[in-house]
Amino acid sequence: MALRPIGGMQSEALSKHGGLRRNVDAVRVMDAAKRALEGLWGTGRAAHMRPVSFADGELKLAASASVVVGELKRDEVRLMNEINRMLGARVVYKLRIVQA
């Protein structure tokens with residue numbers, strides 16, 4: 001039996017289970033979003049914003065106050081570009097920002 005790279009096996013296993021693949025992708029997007037928020041606004045300010053969910057190219061973010069919602073909306077394109085840059089592809093097409 002020939003040895004196979006684990007990355008290939010992992011990718012193959014995920015492709016067999018579409019729901020699992022979507023969950024893994026969502027976790028990657030939400031992790032990138034958290035890192036992008038911290039990178040753009042610093043850890044203190046980013047603590048008032050958090051990724052909630054990701055599906056079908058839409059990332060939902062929750063903000064602790066309306067003023068934070070305004071900040072996120074103002075920098076929406078910048079944030080989306082940074083997240084996609086971190087992921088290496090255009091994965092996030094839309095941000096939905098809500099007050100939590």
# chains A, B, ... in the order shown; residues from 1 in each chain; ligands from 1

$ residues_around --residues "stretch 29-40 of chain A" --least-positions-apart "6" --cutoff "7 Å" --atoms "only C-alpha atoms" --output "list in words"
Ala46, Arg50, Pro51, Leu79, Glu82, Ile83 and Met86 of chain A

$ residues_around --residues "A:Phe54" --least-positions-apart "4" --cutoff "10 Å" --atoms "only C-alpha atoms" --output "ChimeraX atom specification"
/A:22-23,25-30,58-61,92,94-96

$ residues_around --residues "A:Ala100" --least-positions-apart "6" --cutoff "8 Å" --atoms "only C-alpha atoms" --output "PyMOL selection string"
chain A and resi 62-65

$ closest_residue --among "A:Gly57, A:His48, A:Ser66, A:Glu71" --to "A:Ala89" --atoms "only C-alpha atoms"
A:Gly57

$ select_by_dssp --residues "stretch 60-98 of chain A" --states "alpha helix (DSSP H)" --output "PDB file with C-alpha atoms, in the first residue's frame"
ATOM      1  CA  SER A  66     -25.259  50.537  17.546  1.00  0.00           C
ATOM      2  CA  VAL A  67     -22.110  52.650  17.348  1.00  0.00           C
ATOM      3  CA  VAL A  68     -20.129  49.456  16.686  1.00  0.00           C
ATOM      4  CA  VAL A  69     -22.637  48.444  14.002  1.00  0.00           C
ATOM      5  CA  GLY A  70     -21.948  51.793  12.340  1.00  0.00           C
ATOM      6  CA  GLU A  71     -18.185  51.206  12.471  1.00  0.00           C
ATOM      7  CA  LEU A  72     -18.550  47.762  10.942  1.00  0.00           C
ATOM      8  CA  LYS A  73     -20.813  49.034   8.173  1.00  0.00           C
ATOM      9  CA  ARG A  74     -18.396  51.869   7.407  1.00  0.00           C
ATOM     10  CA  GLU A  76     -17.546  46.560   5.547  1.00  0.00           C
ATOM     11  CA  VAL A  77     -15.656  46.296   2.236  1.00  0.00           C
ATOM     12  CA  ARG A  78     -12.264  46.583   3.937  1.00  0.00           C
ATOM     13  CA  LEU A  79     -13.173  43.832   6.409  1.00  0.00           C
ATOM     14  CA  MET A  80     -14.580  41.555   3.714  1.00  0.00           C
ATOM     15  CA  ASN A  81     -11.452  42.021   1.583  1.00  0.00           C
ATOM     16  CA  GLU A  82      -9.195  41.213   4.545  1.00  0.00           C
ATOM     17  CA  ILE A  83     -11.144  38.042   5.386  1.00  0.00           C
ATOM     18  CA  ASN A  84     -11.025  36.867   1.766  1.00  0.00           C
ATOM     19  CA  ARG A  85      -7.305  37.677   1.599  1.00  0.00           C
ATOM     20  CA  MET A  86      -6.704  35.524   4.678  1.00  0.00           C
ATOM     21  CA  LEU A  87      -8.685  32.665   3.135  1.00  0.00           C
TER      22      LEU A  87
END

$ select_by_dssp --residues "stretch 28-69 of chain A" --states "strand (DSSP E)" --output "list in words"
Met49, Arg50, Pro51, Val52, Ser53, Phe54, Ala55, Glu58, Leu59, Lys60, Leu61, Ala62 and Ala63 of chain A

$ write_last_selection --atoms "all heavy atoms" --output "mmCIF file, in the first residue's frame"
data_model
loop_
_atom_site.group_PDB
_atom_site.id
_atom_site.type_symbol
_atom_site.label_atom_id
_atom_site.label_comp_id
_atom_site.auth_asym_id
_atom_site.auth_seq_id
_atom_site.Cartn_x
_atom_site.Cartn_y
_atom_site.Cartn_z
ATOM 1 N N MET A 49 -17.227 42.998 18.779
ATOM 2 C CA MET A 49 -17.731 42.463 17.521
ATOM 3 C C MET A 49 -17.402 40.974 17.477
ATOM 4 O O MET A 49 -16.332 40.579 17.905
ATOM 5 C CB MET A 49 -17.028 43.137 16.336
ATOM 6 C CG MET A 49 -16.879 44.610 16.446
ATOM 7 S SD MET A 49 -15.614 45.193 15.298
ATOM 8 C CE MET A 49 -15.320 46.829 15.966
ATOM 9 N N ARG A 50 -18.324 40.171 16.940
ATOM 10 C CA ARG A 50 -18.006 38.751 16.847
ATOM 11 C C ARG A 50 -18.729 38.110 15.659
ATOM 12 O O ARG A 50 -19.872 38.456 15.356
ATOM 13 C CB ARG A 50 -18.349 38.005 18.125
ATOM 14 C CG ARG A 50 -19.809 37.977 18.450
ATOM 15 C CD ARG A 50 -20.078 37.289 19.786
ATOM 16 N NE ARG A 50 -21.451 37.484 20.178
ATOM 17 C CZ ARG A 50 -22.468 36.748 19.750
ATOM 18 N NH1 ARG A 50 -22.256 35.761 18.931
ATOM 19 N NH2 ARG A 50 -23.697 36.995 20.145
ATOM 20 N N PRO A 51 -18.049 37.191 14.988
ATOM 21 C CA PRO A 51 -18.712 36.449 13.919
ATOM 22 C C PRO A 51 -19.707 35.467 14.531
ATOM 23 O O PRO A 51 -19.431 34.854 15.562
ATOM 24 C CB PRO A 51 -17.565 35.716 13.219
ATOM 25 C CG PRO A 51 -16.402 35.811 14.121
ATOM 26 C CD PRO A 51 -16.650 36.886 15.119
ATOM 27 N N VAL A 52 -20.875 35.350 13.902
ATOM 28 C CA VAL A 52 -21.936 34.495 14.435
ATOM 29 C C VAL A 52 -22.152 33.264 13.567
ATOM 30 O O VAL A 52 -22.255 32.152 14.072
ATOM 31 C CB VAL A 52 -23.257 35.286 14.569
ATOM 32 C CG1 VAL A 52 -24.380 34.401 15.043
ATOM 33 C CG2 VAL A 52 -23.076 36.473 15.498
ATOM 34 N N SER A 53 -22.232 33.466 12.249
ATOM 35 C CA SER A 53 -22.487 32.336 11.358
ATOM 36 C C SER A 53 -22.006 32.660 9.951
ATOM 37 O O SER A 53 -21.790 33.825 9.600
ATOM 38 C CB SER A 53 -23.983 31.998 11.332
ATOM 39 O OG SER A 53 -24.717 33.078 10.782
ATOM 40 N N PHE A 54 -21.866 31.604 9.153
ATOM 41 C CA PHE A 54 -21.497 31.754 7.752
ATOM 42 C C PHE A 54 -22.219 30.696 6.945
ATOM 43 O O PHE A 54 -22.188 29.514 7.291
ATOM 44 C CB PHE A 54 -19.985 31.591 7.558
ATOM 45 C CG PHE A 54 -19.586 31.625 6.116
ATOM 46 C CD1 PHE A 54 -19.537 32.831 5.430
ATOM 47 C CD2 PHE A 54 -19.289 30.466 5.429
ATOM 48 C CE1 PHE A 54 -19.193 32.875 4.094
ATOM 49 C CE2 PHE A 54 -18.938 30.489 4.096
ATOM 50 C CZ PHE A 54 -18.894 31.703 3.424
ATOM 51 N N ALA A 55 -22.898 31.128 5.888
ATOM 52 C CA ALA A 55 -23.576 30.205 4.978
ATOM 53 C C ALA A 55 -23.789 30.892 3.639
ATOM 54 O O ALA A 55 -24.127 32.083 3.588
ATOM 55 C CB ALA A 55 -24.920 29.762 5.555
ATOM 56 N N GLU A 58 -22.486 34.402 2.897
ATOM 57 C CA GLU A 58 -22.873 35.501 3.788
ATOM 58 C C GLU A 58 -22.342 35.255 5.199
ATOM 59 O O GLU A 58 -22.616 34.224 5.805
ATOM 60 C CB GLU A 58 -24.388 35.647 3.843
ATOM 61 C CG GLU A 58 -24.823 36.780 4.759
ATOM 62 C CD GLU A 58 -26.326 36.922 4.845
ATOM 63 O OE1 GLU A 58 -26.941 36.236 5.687
ATOM 64 O OE2 GLU A 58 -26.873 37.698 4.049
ATOM 65 N N LEU A 59 -21.574 36.217 5.687
ATOM 66 C CA LEU A 59 -21.040 36.164 7.045
ATOM 67 C C LEU A 59 -21.860 37.094 7.925
ATOM 68 O O LEU A 59 -22.016 38.269 7.614
ATOM 69 C CB LEU A 59 -19.573 36.598 7.054
ATOM 70 C CG LEU A 59 -18.890 36.717 8.416
ATOM 71 C CD1 LEU A 59 -18.840 35.362 9.120
ATOM 72 C CD2 LEU A 59 -17.494 37.288 8.255
ATOM 73 N N LYS A 60 -22.383 36.548 9.007
ATOM 74 C CA LYS A 60 -23.169 37.341 9.946
ATOM 75 C C LYS A 60 -22.275 37.725 11.119
ATOM 76 O O LYS A 60 -21.610 36.869 11.715
ATOM 77 C CB LYS A 60 -24.367 36.542 10.447
ATOM 78 C CG LYS A 60 -25.268 37.300 11.392
ATOM 79 C CD LYS A 60 -26.458 36.448 11.795
ATOM 80 C CE LYS A 60 -27.358 37.137 12.776
ATOM 81 N NZ LYS A 60 -28.458 36.252 13.198
ATOM 82 N N LEU A 61 -22.259 39.036 11.421
ATOM 83 C CA LEU A 61 -21.473 39.566 12.531
ATOM 84 C C LEU A 61 -22.406 40.218 13.533
ATOM 85 O O LEU A 61 -23.367 40.889 13.152
ATOM 86 C CB LEU A 61 -20.475 40.604 12.033
ATOM 87 C CG LEU A 61 -19.441 40.125 11.026
ATOM 88 C CD1 LEU A 61 -18.752 41.298 10.369
ATOM 89 C CD2 LEU A 61 -18.426 39.238 11.703
ATOM 90 N N ALA A 62 -22.120 40.056 14.809
ATOM 91 C CA ALA A 62 -22.893 40.695 15.867
ATOM 92 C C ALA A 62 -22.030 41.757 16.531
ATOM 93 O O ALA A 62 -20.846 41.532 16.789
ATOM 94 C CB ALA A 62 -23.353 39.671 16.895
ATOM 95 N N ALA A 63 -22.632 42.900 16.784
ATOM 96 C CA ALA A 63 -21.934 44.006 17.442
ATOM 97 C C ALA A 63 -22.655 44.315 18.747
ATOM 98 O O ALA A 63 -23.871 44.188 18.849
ATOM 99 C CB ALA A 63 -21.927 45.225 16.538
#
